[in-house]
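Data from work21.cif: mmCIF, C-alpha atoms and all ligand atoms
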data_run
loop_
_atom_site.group_PDB
_atom_site.id
_atom_site.type_symbol
_atom_site.label_atom_id
_atom_site.label_comp_id
_atom_site.auth_asym_id
_atom_site.auth_seq_id
_atom_site.Cartn_x
_atom_site.Cartn_y
_atom_site.Cartn_z
ATOM 1 C CA MET H 176 -11.063 -9.156 -0.982
ATOM 2 C CA ALA H 177 -8.547 -11.780 -0.045
ATOM 3 C CA LYS H 178 -9.240 -14.450 2.560
ATOM 4 C CA GLN H 179 -7.052 -15.739 5.331
ATOM 5 C CA PHE H 180 -7.422 -19.002 7.188
ATOM 6 C CA VAL H 181 -5.948 -18.882 10.672
ATOM 7 C CA TYR H 182 -5.536 -21.838 12.984
ATOM 8 C CA ASP H 183 -3.681 -21.595 16.231
ATOM 9 C CA ASP H 184 -2.909 -24.881 17.944
ATOM 10 C CA ASP H 185 -0.935 -24.427 21.172
ATOM 11 C CA GLY H 186 0.885 -21.446 19.772
ATOM 12 C CA ASP H 187 1.597 -23.036 16.398
ATOM 13 C CA GLU H 188 -0.084 -20.820 13.860
ATOM 14 C CA ILE H 189 -1.141 -22.145 10.462
ATOM 15 C CA THR H 190 -2.090 -19.507 7.908
ATOM 16 C CA ALA H 191 -3.317 -19.938 4.334
ATOM 17 C CA TRP H 192 -3.951 -16.962 2.045
ATOM 18 C CA ALA H 193 -6.348 -17.064 -0.888
ATOM 19 C CA GLU H 194 -8.499 -14.874 -3.122
ATOM 20 C CA SER H 195 -11.755 -16.763 -2.539
ATOM 21 C CA GLU H 196 -13.284 -18.795 0.268
ATOM 22 C CA ALA H 197 -13.169 -22.009 -1.795
ATOM 23 C CA GLU H 198 -9.477 -21.480 -2.500
ATOM 24 C CA ALA H 199 -8.847 -20.671 1.167
ATOM 25 C CA VAL H 200 -10.516 -23.944 2.240
ATOM 26 C CA GLU H 201 -8.423 -25.861 -0.286
ATOM 27 C CA ASN H 202 -5.171 -24.185 0.782
ATOM 28 C CA ALA H 203 -6.032 -24.617 4.443
ATOM 29 C CA ARG H 204 -6.752 -28.304 3.847
ATOM 30 C CA SER H 205 -3.262 -28.948 2.469
ATOM 31 C CA GLU H 206 -1.630 -26.928 5.307
ATOM 32 C CA LEU H 207 -3.677 -28.863 7.894
ATOM 33 C CA ASP H 208 -2.885 -32.224 6.324
ATOM 34 C CA ALA H 209 0.815 -31.389 6.349
ATOM 35 C CA ALA H 210 0.546 -30.435 10.041
ATOM 36 C CA GLY H 211 -1.515 -33.536 10.846
ATOM 37 C CA VAL H 212 -4.531 -31.521 12.098
ATOM 38 C CA ASP H 213 -8.052 -32.830 11.580
ATOM 39 C CA LEU H 214 -10.733 -30.129 11.022
ATOM 40 C CA SER H 215 -14.024 -30.444 9.155
ATOM 41 C CA ASP H 216 -14.724 -28.106 6.197
ATOM 42 C CA ASP H 217 -17.237 -26.194 8.371
ATOM 43 C CA GLU H 218 -14.638 -25.693 11.088
ATOM 44 C CA VAL H 219 -12.185 -24.489 8.461
ATOM 45 C CA ARG H 220 -14.770 -22.030 7.069
ATOM 46 C CA ASP H 221 -15.392 -20.652 10.584
ATOM 47 C CA ARG H 222 -11.732 -19.698 10.807
ATOM 48 C CA ILE H 223 -11.565 -17.835 7.520
ATOM 49 C CA ARG H 224 -11.580 -14.066 7.709
ATOM 50 C CA VAL H 225 -11.523 -11.185 5.240
ATOM 51 C CA ILE H 226 -8.184 -9.429 4.866
ATOM 52 C CA PRO H 227 -7.071 -6.488 2.699
ATOM 53 C CA SER H 228 -6.486 -7.468 -0.896
ATOM 54 C CA PRO H 229 -3.344 -5.996 -2.484
ATOM 55 C CA GLN H 230 -5.161 -5.527 -5.795
ATOM 56 C CA ARG H 231 -7.478 -2.915 -4.266
ATOM 57 C CA ILE H 232 -4.703 -0.823 -2.707
ATOM 58 C CA LYS H 233 -2.019 1.254 -4.424
ATOM 59 C CA SER H 234 0.773 -0.646 -2.699
ATOM 60 C CA SER H 235 2.294 -3.832 -3.986
ATOM 61 C CA ALA H 236 1.344 -7.181 -2.486
ATOM 62 C CA GLU H 237 4.634 -7.182 -0.566
ATOM 63 C CA GLU H 238 3.785 -3.847 1.057
ATOM 64 C CA VAL H 239 0.270 -4.880 1.998
ATOM 65 C CA LEU H 240 1.485 -8.102 3.548
ATOM 66 C CA MET H 241 4.501 -6.464 5.214
ATOM 67 C CA ASP H 242 4.550 -7.689 8.810
ATOM 68 C CA LYS H 243 5.324 -4.314 10.360
ATOM 69 C CA ARG H 244 2.464 -2.555 8.552
ATOM 70 C CA ARG H 245 0.085 -5.368 9.466
ATOM 71 C CA ARG H 246 1.166 -5.129 13.107
ATOM 72 C CA GLY H 247 0.891 -1.332 13.178
ATOM 73 C CA GLY H 248 -2.573 -1.381 11.622
ATOM 74 C CA ILE H 249 -3.978 -4.129 13.815
ATOM 75 C CA GLU H 250 -2.587 -2.511 16.991
ATOM 76 C CA ALA H 251 -4.020 0.895 16.015
ATOM 77 C CA ALA H 252 -7.510 -0.648 15.974
ATOM 78 C CA GLU H 253 -7.143 -1.171 19.750
ATOM 79 C CA VAL H 254 -8.173 2.488 20.248
ATOM 80 C CA VAL H 255 -11.669 1.733 19.006
ATOM 81 C CA GLU H 256 -14.310 1.146 21.680
ATOM 82 C CA SER H 257 -17.929 0.074 21.404
ATOM 83 C CA GLY H 258 -20.270 2.908 20.463
ATOM 84 C CA MET H 259 -17.583 4.945 18.720
ATOM 85 C CA ASP H 260 -17.830 6.768 15.391
ATOM 86 C CA VAL H 261 -14.573 6.128 13.583
ATOM 87 C CA GLY H 262 -12.804 7.683 10.594
ATOM 88 C CA LEU H 263 -11.381 4.920 8.409
ATOM 89 C CA GLY H 264 -8.186 5.976 6.625
ATOM 90 C CA THR H 265 -6.650 4.764 3.383
ATOM 91 C CA GLY H 266 -3.614 2.671 2.448
ATOM 92 C CA SER H 267 -1.966 -0.659 3.113
ATOM 93 C CA THR H 268 -1.469 -0.080 6.863
ATOM 94 C CA THR H 269 -4.895 1.338 7.670
ATOM 95 C CA ALA H 270 -6.464 -1.512 5.702
ATOM 96 C CA TRP H 271 -5.298 -3.807 8.525
ATOM 97 C CA ALA H 272 -6.876 -1.517 11.127
ATOM 98 C CA ILE H 273 -10.161 -1.657 9.205
ATOM 99 C CA ALA H 274 -9.866 -5.440 8.995
ATOM 100 C CA ALA H 275 -9.224 -5.692 12.754
ATOM 101 C CA ILE H 276 -12.288 -3.531 13.537
ATOM 102 C CA GLY H 277 -14.372 -5.816 11.300
ATOM 103 C CA TRP H 278 -13.060 -8.957 13.021
ATOM 104 C CA LYS H 279 -13.862 -7.487 16.449
ATOM 105 C CA LEU H 280 -17.409 -6.587 15.369
ATOM 106 C CA ASP H 281 -17.812 -10.089 14.003
ATOM 107 C CA SER H 282 -16.663 -11.718 17.235
ATOM 108 C CA GLY H 283 -18.781 -9.415 19.429
ATOM 109 C CA GLU H 284 -15.724 -7.814 21.058
ATOM 110 C CA LEU H 285 -16.952 -4.503 19.611
ATOM 111 C CA GLU H 286 -20.539 -3.332 19.160
ATOM 112 C CA ASP H 287 -22.284 -0.330 17.682
ATOM 113 C CA VAL H 288 -19.304 1.126 15.798
ATOM 114 C CA ARG H 289 -19.955 3.348 12.785
ATOM 115 C CA GLY H 290 -17.307 4.145 10.204
ATOM 116 C CA VAL H 291 -16.728 7.021 7.802
ATOM 117 C CA ALA H 292 -14.413 5.992 4.962
ATOM 118 C CA THR H 293 -11.778 8.303 3.475
ATOM 119 C CA SER H 294 -11.790 6.635 0.039
ATOM 120 C CA LEU H 295 -13.776 4.264 -2.126
ATOM 121 C CA GLN H 296 -11.316 1.462 -1.455
ATOM 122 C CA SER H 297 -11.634 1.853 2.341
ATOM 123 C CA HIS H 298 -15.406 2.046 1.945
ATOM 124 C CA ASP H 299 -15.460 -1.241 -0.003
ATOM 125 C CA LEU H 300 -13.147 -3.002 2.456
ATOM 126 C CA ALA H 301 -15.201 -1.830 5.459
ATOM 127 C CA ARG H 302 -18.441 -2.868 3.797
ATOM 128 C CA GLU H 303 -17.120 -6.343 3.052
ATOM 129 C CA LEU H 304 -16.059 -6.645 6.679
ATOM 130 C CA GLY H 305 -19.530 -5.692 7.873
ATOM 131 C CA ILE H 306 -18.630 -2.317 9.432
ATOM 132 C CA PRO H 307 -21.723 -0.049 9.331
ATOM 133 C CA LEU H 308 -20.875 3.015 7.257
ATOM 134 C CA THR H 309 -22.168 6.512 6.963
ATOM 135 C CA ASP H 310 -20.732 9.773 5.637
ATOM 136 C CA VAL H 311 -19.466 13.021 7.123
ATOM 137 C CA ASP H 312 -22.894 14.634 6.945
ATOM 138 C CA GLY H 313 -24.114 12.210 9.616
ATOM 139 C CA PHE H 314 -21.825 13.688 12.312
ATOM 140 C CA ASP H 315 -20.727 16.850 14.065
ATOM 141 C CA GLY H 316 -17.557 15.025 14.993
ATOM 142 C CA LEU H 317 -15.968 11.587 15.190
ATOM 143 C CA ASP H 318 -14.486 9.920 18.268
ATOM 144 C CA VAL H 319 -11.323 8.815 16.527
ATOM 145 C CA ALA H 320 -9.796 8.489 13.066
ATOM 146 C CA ILE H 321 -7.165 5.907 12.159
ATOM 147 C CA ASP H 322 -5.097 6.780 9.126
ATOM 148 C CA GLY H 323 -1.758 5.985 7.478
ATOM 149 C CA ALA H 324 1.186 8.209 6.547
ATOM 150 C CA ASP H 325 3.835 8.376 3.867
ATOM 151 C CA GLN H 326 6.198 9.920 6.400
ATOM 152 C CA TRP H 327 5.842 10.788 10.088
ATOM 153 C CA ASP H 328 7.859 12.821 12.545
ATOM 154 C CA PRO H 329 8.557 11.292 15.979
ATOM 155 C CA GLU H 330 9.173 14.748 17.463
ATOM 156 C CA ASN H 331 6.238 16.698 16.023
ATOM 157 C CA PRO H 332 2.527 15.979 15.414
ATOM 158 C CA HIS H 333 2.782 16.303 11.633
ATOM 159 C CA VAL H 334 2.656 13.777 8.766
ATOM 160 C CA VAL H 335 2.857 13.761 4.972
ATOM 161 C CA LYS H 336 -0.039 11.925 3.338
ATOM 162 C CA GLY H 337 -1.502 11.408 -0.119
ATOM 163 C CA GLY H 338 0.769 8.741 -1.618
ATOM 164 C CA GLY H 339 -2.485 7.086 -2.675
ATOM 165 C CA ALA H 340 -4.016 10.430 -3.766
ATOM 166 C CA SER H 341 -6.644 10.286 -1.013
ATOM 167 C CA HIS H 342 -5.339 13.112 1.194
ATOM 168 C CA ALA H 343 -8.217 15.554 0.525
ATOM 169 C CA ARG H 344 -10.950 13.323 1.843
ATOM 170 C CA GLU H 345 -8.583 12.035 4.535
ATOM 171 C CA LYS H 346 -7.998 15.578 5.780
ATOM 172 C CA LEU H 347 -11.725 16.226 5.898
ATOM 173 C CA VAL H 348 -12.484 13.072 7.890
ATOM 174 C CA ASP H 349 -9.356 13.160 10.100
ATOM 175 C CA SER H 350 -9.964 16.781 11.062
ATOM 176 C CA MET H 351 -13.428 15.854 12.343
ATOM 177 C CA ALA H 352 -12.032 13.353 14.849
ATOM 178 C CA ASP H 353 -11.356 14.108 18.532
ATOM 179 C CA ARG H 354 -8.235 12.003 18.115
ATOM 180 C CA LEU H 355 -6.136 11.115 15.055
ATOM 181 C CA VAL H 356 -4.184 7.881 15.389
ATOM 182 C CA VAL H 357 -1.601 7.307 12.661
ATOM 183 C CA ALA H 358 -0.927 3.656 11.834
ATOM 184 C CA THR H 359 2.448 3.216 10.193
ATOM 185 C CA ASP H 360 5.895 1.606 10.404
ATOM 186 C CA ASP H 361 9.359 2.567 11.622
ATOM 187 C CA GLU H 362 10.805 2.926 8.101
ATOM 188 C CA LYS H 363 8.702 6.043 7.420
ATOM 189 C CA ARG H 364 10.054 7.999 10.417
ATOM 190 C CA SER H 365 11.874 11.292 9.736
ATOM 191 C CA THR H 366 12.718 14.545 11.539
ATOM 192 C CA PRO H 367 12.241 16.896 9.817
ATOM 193 C CA LEU H 368 9.768 15.623 7.239
ATOM 194 C CA SER H 369 11.194 15.475 3.714
ATOM 195 C CA TYR H 370 8.771 13.342 1.691
ATOM 196 C CA PRO H 371 7.478 15.009 -1.523
ATOM 197 C CA VAL H 372 4.177 16.669 -0.646
ATOM 198 C CA PRO H 373 1.218 15.738 -2.878
ATOM 199 C CA LEU H 374 -0.736 18.804 -3.972
ATOM 200 C CA SER H 375 -4.038 18.150 -5.718
ATOM 201 C CA VAL H 376 -4.909 20.892 -8.198
ATOM 202 C CA LEU H 377 -7.497 21.603 -10.860
ATOM 203 C CA PRO H 378 -6.362 19.891 -14.085
ATOM 204 C CA GLU H 379 -6.202 23.312 -15.797
ATOM 205 C CA SER H 380 -3.794 24.683 -13.198
ATOM 206 C CA ARG H 381 -1.236 21.843 -13.390
ATOM 207 C CA ASN H 382 1.402 23.944 -15.230
ATOM 208 C CA VAL H 383 0.799 27.126 -13.229
ATOM 209 C CA ALA H 384 1.010 25.096 -10.016
ATOM 210 C CA GLN H 385 4.348 23.586 -11.049
ATOM 211 C CA ARG H 386 5.733 27.076 -11.772
ATOM 212 C CA TRP H 387 4.635 28.288 -8.330
ATOM 213 C CA VAL H 388 6.248 25.275 -6.645
ATOM 214 C CA ARG H 389 9.536 25.930 -8.490
ATOM 215 C CA GLU H 390 9.414 29.559 -7.328
ATOM 216 C CA MET H 391 9.006 28.302 -3.753
ATOM 217 C CA GLY H 392 12.243 26.363 -4.190
ATOM 218 C CA GLY H 393 10.568 22.991 -4.710
ATOM 219 C CA GLU H 394 10.867 20.377 -7.431
ATOM 220 C CA PRO H 395 7.384 19.598 -8.821
ATOM 221 C CA GLN H 396 6.421 16.374 -10.554
ATOM 222 C CA LEU H 397 3.031 15.774 -12.147
ATOM 223 C CA ARG H 398 1.887 12.333 -11.029
ATOM 224 C CA TYR H 399 1.153 9.960 -13.903
ATOM 225 C CA ALA H 400 -1.334 7.112 -13.854
ATOM 226 C CA GLU H 401 -0.470 3.464 -14.219
ATOM 227 C CA GLN H 402 -2.414 1.531 -16.853
ATOM 228 C CA LYS H 403 -3.761 4.782 -18.328
ATOM 229 C CA ASP H 404 -2.077 7.376 -20.522
ATOM 230 C CA GLY H 405 -1.508 10.775 -18.968
ATOM 231 C CA PRO H 406 -1.860 12.134 -15.456
ATOM 232 C CA LEU H 407 -3.520 10.404 -12.555
ATOM 233 C CA PHE H 408 -6.914 11.858 -11.619
ATOM 234 C CA THR H 409 -8.097 11.832 -8.024
ATOM 235 C CA ALA H 410 -11.547 10.648 -6.923
ATOM 236 C CA ASN H 411 -12.657 14.283 -7.276
ATOM 237 C CA GLY H 412 -11.245 14.812 -10.760
ATOM 238 C CA ASN H 413 -8.138 16.749 -9.789
ATOM 239 C CA VAL H 414 -4.524 15.986 -10.721
ATOM 240 C CA ILE H 415 -1.594 15.653 -8.351
ATOM 241 C CA VAL H 416 1.668 17.576 -8.340
ATOM 242 C CA ASP H 417 4.194 15.932 -5.989
ATOM 243 C CA CYS H 418 6.327 18.749 -4.544
ATOM 244 C CA ASP H 419 9.811 17.858 -3.361
ATOM 245 C CA PHE H 420 11.203 20.517 -1.000
ATOM 246 C CA GLY H 421 13.849 18.315 0.611
ATOM 247 C CA GLU H 422 13.916 18.723 4.410
ATOM 248 C CA MET H 423 11.020 20.902 5.598
ATOM 249 C CA ASP H 424 12.088 22.808 8.709
ATOM 250 C CA ASP H 425 9.193 25.266 8.540
ATOM 251 C CA ILE H 426 6.263 22.960 7.977
ATOM 252 C CA GLU H 427 3.575 25.563 8.825
ATOM 253 C CA GLY H 428 5.153 27.934 6.278
ATOM 254 C CA ARG H 429 5.175 25.254 3.587
ATOM 255 C CA ALA H 430 1.531 24.394 4.296
ATOM 256 C CA THR H 431 0.511 28.057 3.987
ATOM 257 C CA GLU H 432 2.438 28.502 0.723
ATOM 258 C CA LEU H 433 0.969 25.357 -0.835
ATOM 259 C CA ALA H 434 -2.580 26.384 0.070
ATOM 260 C CA ARG H 435 -2.023 29.637 -1.851
ATOM 261 C CA VAL H 436 -1.152 27.968 -5.180
ATOM 262 C CA PRO H 437 -3.803 28.972 -7.749
ATOM 263 C CA GLY H 438 -6.149 26.059 -8.421
ATOM 264 C CA ALA H 439 -4.898 24.139 -5.365
ATOM 265 C CA GLN H 440 -7.540 21.894 -3.898
ATOM 266 C CA GLU H 441 -5.645 20.251 -0.989
ATOM 267 C CA HIS H 442 -2.087 19.416 0.033
ATOM 268 C CA GLY H 443 -0.817 16.389 1.910
ATOM 269 C CA LEU H 444 0.756 18.160 4.912
ATOM 270 C CA PHE H 445 -1.246 17.311 8.038
ATOM 271 C CA VAL H 446 0.140 19.910 10.418
ATOM 272 C CA ASP H 447 -0.487 19.654 14.181
ATOM 273 C CA MET H 448 -3.161 17.053 13.573
ATOM 274 C CA VAL H 449 -1.617 13.866 14.976
ATOM 275 C CA ASP H 450 -2.454 12.686 18.508
ATOM 276 C CA SER H 451 -0.759 9.273 18.466
ATOM 277 C CA VAL H 452 1.430 7.226 16.159
ATOM 278 C CA VAL H 453 1.293 3.439 16.336
ATOM 279 C CA TYR H 454 4.135 1.960 14.320
ATOM 280 C CA GLY H 455 5.198 -1.552 13.532
ATOM 281 C CA THR H 456 8.853 -2.571 13.870
ATOM 282 C CA ASP H 457 10.748 -5.748 12.982
ATOM 283 C CA ASP H 458 9.832 -7.348 16.272
ATOM 284 C CA GLY H 459 6.732 -5.593 17.575
ATOM 285 C CA VAL H 460 4.778 -2.369 17.825
ATOM 286 C CA ASP H 461 5.642 0.968 19.425
ATOM 287 C CA HIS H 462 3.721 4.178 20.205
ATOM 288 C CA VAL H 463 4.400 7.909 20.233
ATOM 289 C CA GLU H 464 1.884 10.218 21.954
ATOM 290 C CA PHE H 465 1.615 13.975 21.325
HETATM 291 O O1 LIG G 1 -3.443 8.751 -0.053
HETATM 292 C C1 LIG G 1 -3.087 7.842 0.683
HETATM 293 C C2 LIG G 1 -2.896 7.961 2.117
HETATM 294 O O2 LIG G 1 -2.527 9.215 2.589
HETATM 295 C C3 LIG G 1 -2.179 6.816 2.813
HETATM 296 O O3 LIG G 1 -2.630 6.840 4.134
HETATM 297 C C4 LIG G 1 -0.666 6.923 2.767
HETATM 298 O O4 LIG G 1 -0.244 6.963 1.423
HETATM 299 C C5 LIG G 1 0.017 5.747 3.493
HETATM 300 O O5 LIG G 1 -0.328 4.540 2.892
HETATM 301 P P1 LIG G 1 0.415 3.172 3.198
HETATM 302 O O6 LIG G 1 0.033 2.777 4.581
HETATM 303 O O7 LIG G 1 -0.073 2.222 2.137
HETATM 304 O O8 LIG G 1 1.884 3.425 3.019
#
Here is the file; what I need is its structure written in the form of structure tokens.
Amino acid sequence: MAKQFVYDDDGDEITAWAESEAEAVENARSELDAAGVDLSDDEVRDRIRVIPSPQRIKSSAEEVLMDKRRRGGIEAAEVVESGMDVGLGTGSTTAWAIAAIGWKLDSGELEDVRGVATSLQSHDLARELGIPLTDVDGFDGLDVAIDGADQWDPENPHVVKGGGASHAREKLVDSMADRLVVATDDEKRSTPLSYPVPLSVLPESRNVAQRWVREMGGEPQLRYAEQKDGPLFTANGNVIVDCDFGEMDDIEGRATELARVPGAQEHGLFVDMVDSVVYGTDDGVDHVEF
């Protein structure tokens, strides 16, 4: 995980990013010297916190560090209260929500929160931040889930998810929550939704699935891995067909059709599941409630 040093002196914020604590102290030292601030190494270490590392997330470093995603994620964590059981989503925006929950537990602002991760990467981030974790078998339901979106609709409680191939476990965890809060940014807003829908299928059904999607009027694309030959495999050993239908006016109809594809495991349409959207903008954060 990456480290961030934060120092706020009368509203002047000094930040130094690094991959290790030693590097963070060193970077912080040069920032502090330049600003003429005198802090001991121990004081510097006290102000270093864990932040999401771009290497562990599908998105590029630029996306992970994008201000509006960071703002959206951190603000979304405000819904978490002490004693809650929380679904922890996946992606560059939710990573900031997970980080913010960890910081609040560390400072004592939150107590007795348990998380259920929607992916290995969210599990590892939460563990490093000291968030107690369990799995779906430990619960009948969760108080809230915070998750990202590849596209969201400001007029309807639906999102497209699965850009990071984690939509199956996300749907399981998110559907268990009394409230699903989507953490995102204003650039992913669209009415109607039109983002290609990820459909995870058994590897053997990849060609059949693509034929079915073409017959539905969609344009299928098998998702290929980076730094590995051939298709990308999900955490459960399935492959992904991204299905481009253009604008989806009948989202319930699309969801039903996709679920019928032979060998389909899960699709990335989250229909009627969203309770709130918290989205970062160029100059702040906004909310939509459903
Ligand atoms: O499979 C990945 C998830 O559905 C993510 O929540 C989604 O791709 C959004 O991720 P990000 O916030 O990185 O754009």
- Could you state which residues are captured by the PyMOL selection byres (((not hetatm)) within 7 of (chain G and resi 1)) in this file, as a list in words?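 Selection result, ordered by chain and number: Lys233, Ser234, Gly264, Thr265, Gly266, Ser267, Thr268, Thr269, Asp322, Gly323, Ala324, Asp325, Lys336, Gly337, Gly338, Gly339, Ala340, Ser341, His342, Glu345 and Thr359 of chain H.
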- Task: Could you state which residues are captured by the PyMOL selection byres (((chain H and resi 328) around 6) and not hetatm) in this file, as a list in words?
- Result: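 Selection result, ordered by chain and number: Trp327, Pro329, Glu330, Asn331, Arg364, Ser365 and Thr366 of chain H.
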- Task: Could you expand the PyMOL selection byres (((chain H and resi 318) around 9) and not hetatm) into the explicit residues it covers here, written as a PyMOL selection string?
- Result: chain H and resi 255+259-262+316-317+319-320+351-354
C-alpha atoms of the current selection, written as an mmCIF file, keeping the file's coordinate frame:
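The resulting file, again-v4.cif, is shown below:
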data_model
loop_
_atom_site.group_PDB
_atom_site.id
_atom_site.type_symbol
_atom_site.label_atom_id
_atom_site.label_comp_id
_atom_site.auth_asym_id
_atom_site.auth_seq_id
_atom_site.Cartn_x
_atom_site.Cartn_y
_atom_site.Cartn_z
ATOM 1 C CA VAL H 255 -11.669 1.733 19.006
ATOM 2 C CA MET H 259 -17.583 4.945 18.720
ATOM 3 C CA ASP H 260 -17.830 6.768 15.391
ATOM 4 C CA VAL H 261 -14.573 6.128 13.583
ATOM 5 C CA GLY H 262 -12.804 7.683 10.594
ATOM 6 C CA GLY H 316 -17.557 15.025 14.993
ATOM 7 C CA LEU H 317 -15.968 11.587 15.190
ATOM 8 C CA VAL H 319 -11.323 8.815 16.527
ATOM 9 C CA ALA H 320 -9.796 8.489 13.066
ATOM 10 C CA MET H 351 -13.428 15.854 12.343
ATOM 11 C CA ALA H 352 -12.032 13.353 14.849
ATOM 12 C CA ASP H 353 -11.356 14.108 18.532
ATOM 13 C CA ARG H 354 -8.235 12.003 18.115
#
Residues near region 281-287 of chain H, anyone? I mean within 6 Å using all atoms listed in the file, not counting same-chain ones fewer than 2 positions away, as a compact mmCIF listing (two decimals) with C-alpha atoms, in the coordinates of the input.
# COMPACT_ATOMS: atom_id res chain seq x y z
CA SER H 257 -17.93 0.07 21.40
CA GLY H 258 -20.27 2.91 20.46
CA TRP H 278 -13.06 -8.96 13.02
CA LYS H 279 -13.86 -7.49 16.45
- Message: To one decimal place in Å, what is the distance between CA of Val453 (chain H) and CA of Gly248 (chain H)?
- Response: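 Atom-to-atom, CA of Val453 (chain H) and CA of Gly248 (chain H) are spaced 7.8 Å apart.
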- With distances taken over all atoms listed in the file, which of H:Val446, H:Ala177, H:Ser375, H:Glu188 is nearest to Leu300 (chain H)? H:Ala177
- Item | Shortest interatomic distance to Asp208 (chain H) - which of H:Ser350, H:Ile249, H:Glu422, H:Ile189, counting only C-alpha atoms |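 Ranked by minimum distance to Asp208 (chain H), first place goes to H:Ile189.
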- Task: With a distance cut-off of 12 Å and only C-alpha atoms, select the neighbouring residues of Gly428 (chain H), excluding the residue or stretch itself and same-chain residues fewer than 6 positions from it, and output the selection as a PyMOL selection string.
- Result: chain H and resi 391+434-435+444+446
Just the selected residues (C-alpha atoms), exported as an mmCIF file, in the frame of the given file, please.
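So the final result, stored in out29.cif, reads:
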data_model
loop_
_atom_site.group_PDB
_atom_site.id
_atom_site.type_symbol
_atom_site.label_atom_id
_atom_site.label_comp_id
_atom_site.auth_asym_id
_atom_site.auth_seq_id
_atom_site.Cartn_x
_atom_site.Cartn_y
_atom_site.Cartn_z
ATOM 1 C CA MET H 391 9.006 28.302 -3.753
ATOM 2 C CA ALA H 434 -2.580 26.384 0.070
ATOM 3 C CA ARG H 435 -2.023 29.637 -1.851
ATOM 4 C CA LEU H 444 0.756 18.160 4.912
ATOM 5 C CA VAL H 446 0.140 19.910 10.418
#
Padding of 3 Å on every side, edges along x, y and z, all listed atoms of region 354-369 of chain H included: what centre and edge lengths in Å, to one decimal, does that box have, as JSON?
{"center_x": 2.2, "center_y": 9.3, "center_z": 10.9, "size_x": 27.0, "size_y": 21.3, "size_z": 20.4}
- Message: Just the number, please: distance in Å from CA of Ala191 (chain H) to CA of Arg246 (chain H), one decimal.
- Response: 17.8 Å
- Give the answer as one residue: which of H:Thr309, H:Thr409, H:Asn382, H:Ser451 has the shortest atom-to-atom distance to His333 (chain H), using all atoms listed in the file?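 Nearest candidate to His333 (chain H) out of H:Thr309, H:Thr409, H:Asn382, H:Ser451: H:Ser451.
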- Message: Between CA of Ser195 (chain H) and CA of Arg244 (chain H), what is the distance in Å, rounded to a tenth?
- Response: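 Computed distance, CA of Ser195 (chain H) to CA of Arg244 (chain H), equals 23.0 Å.
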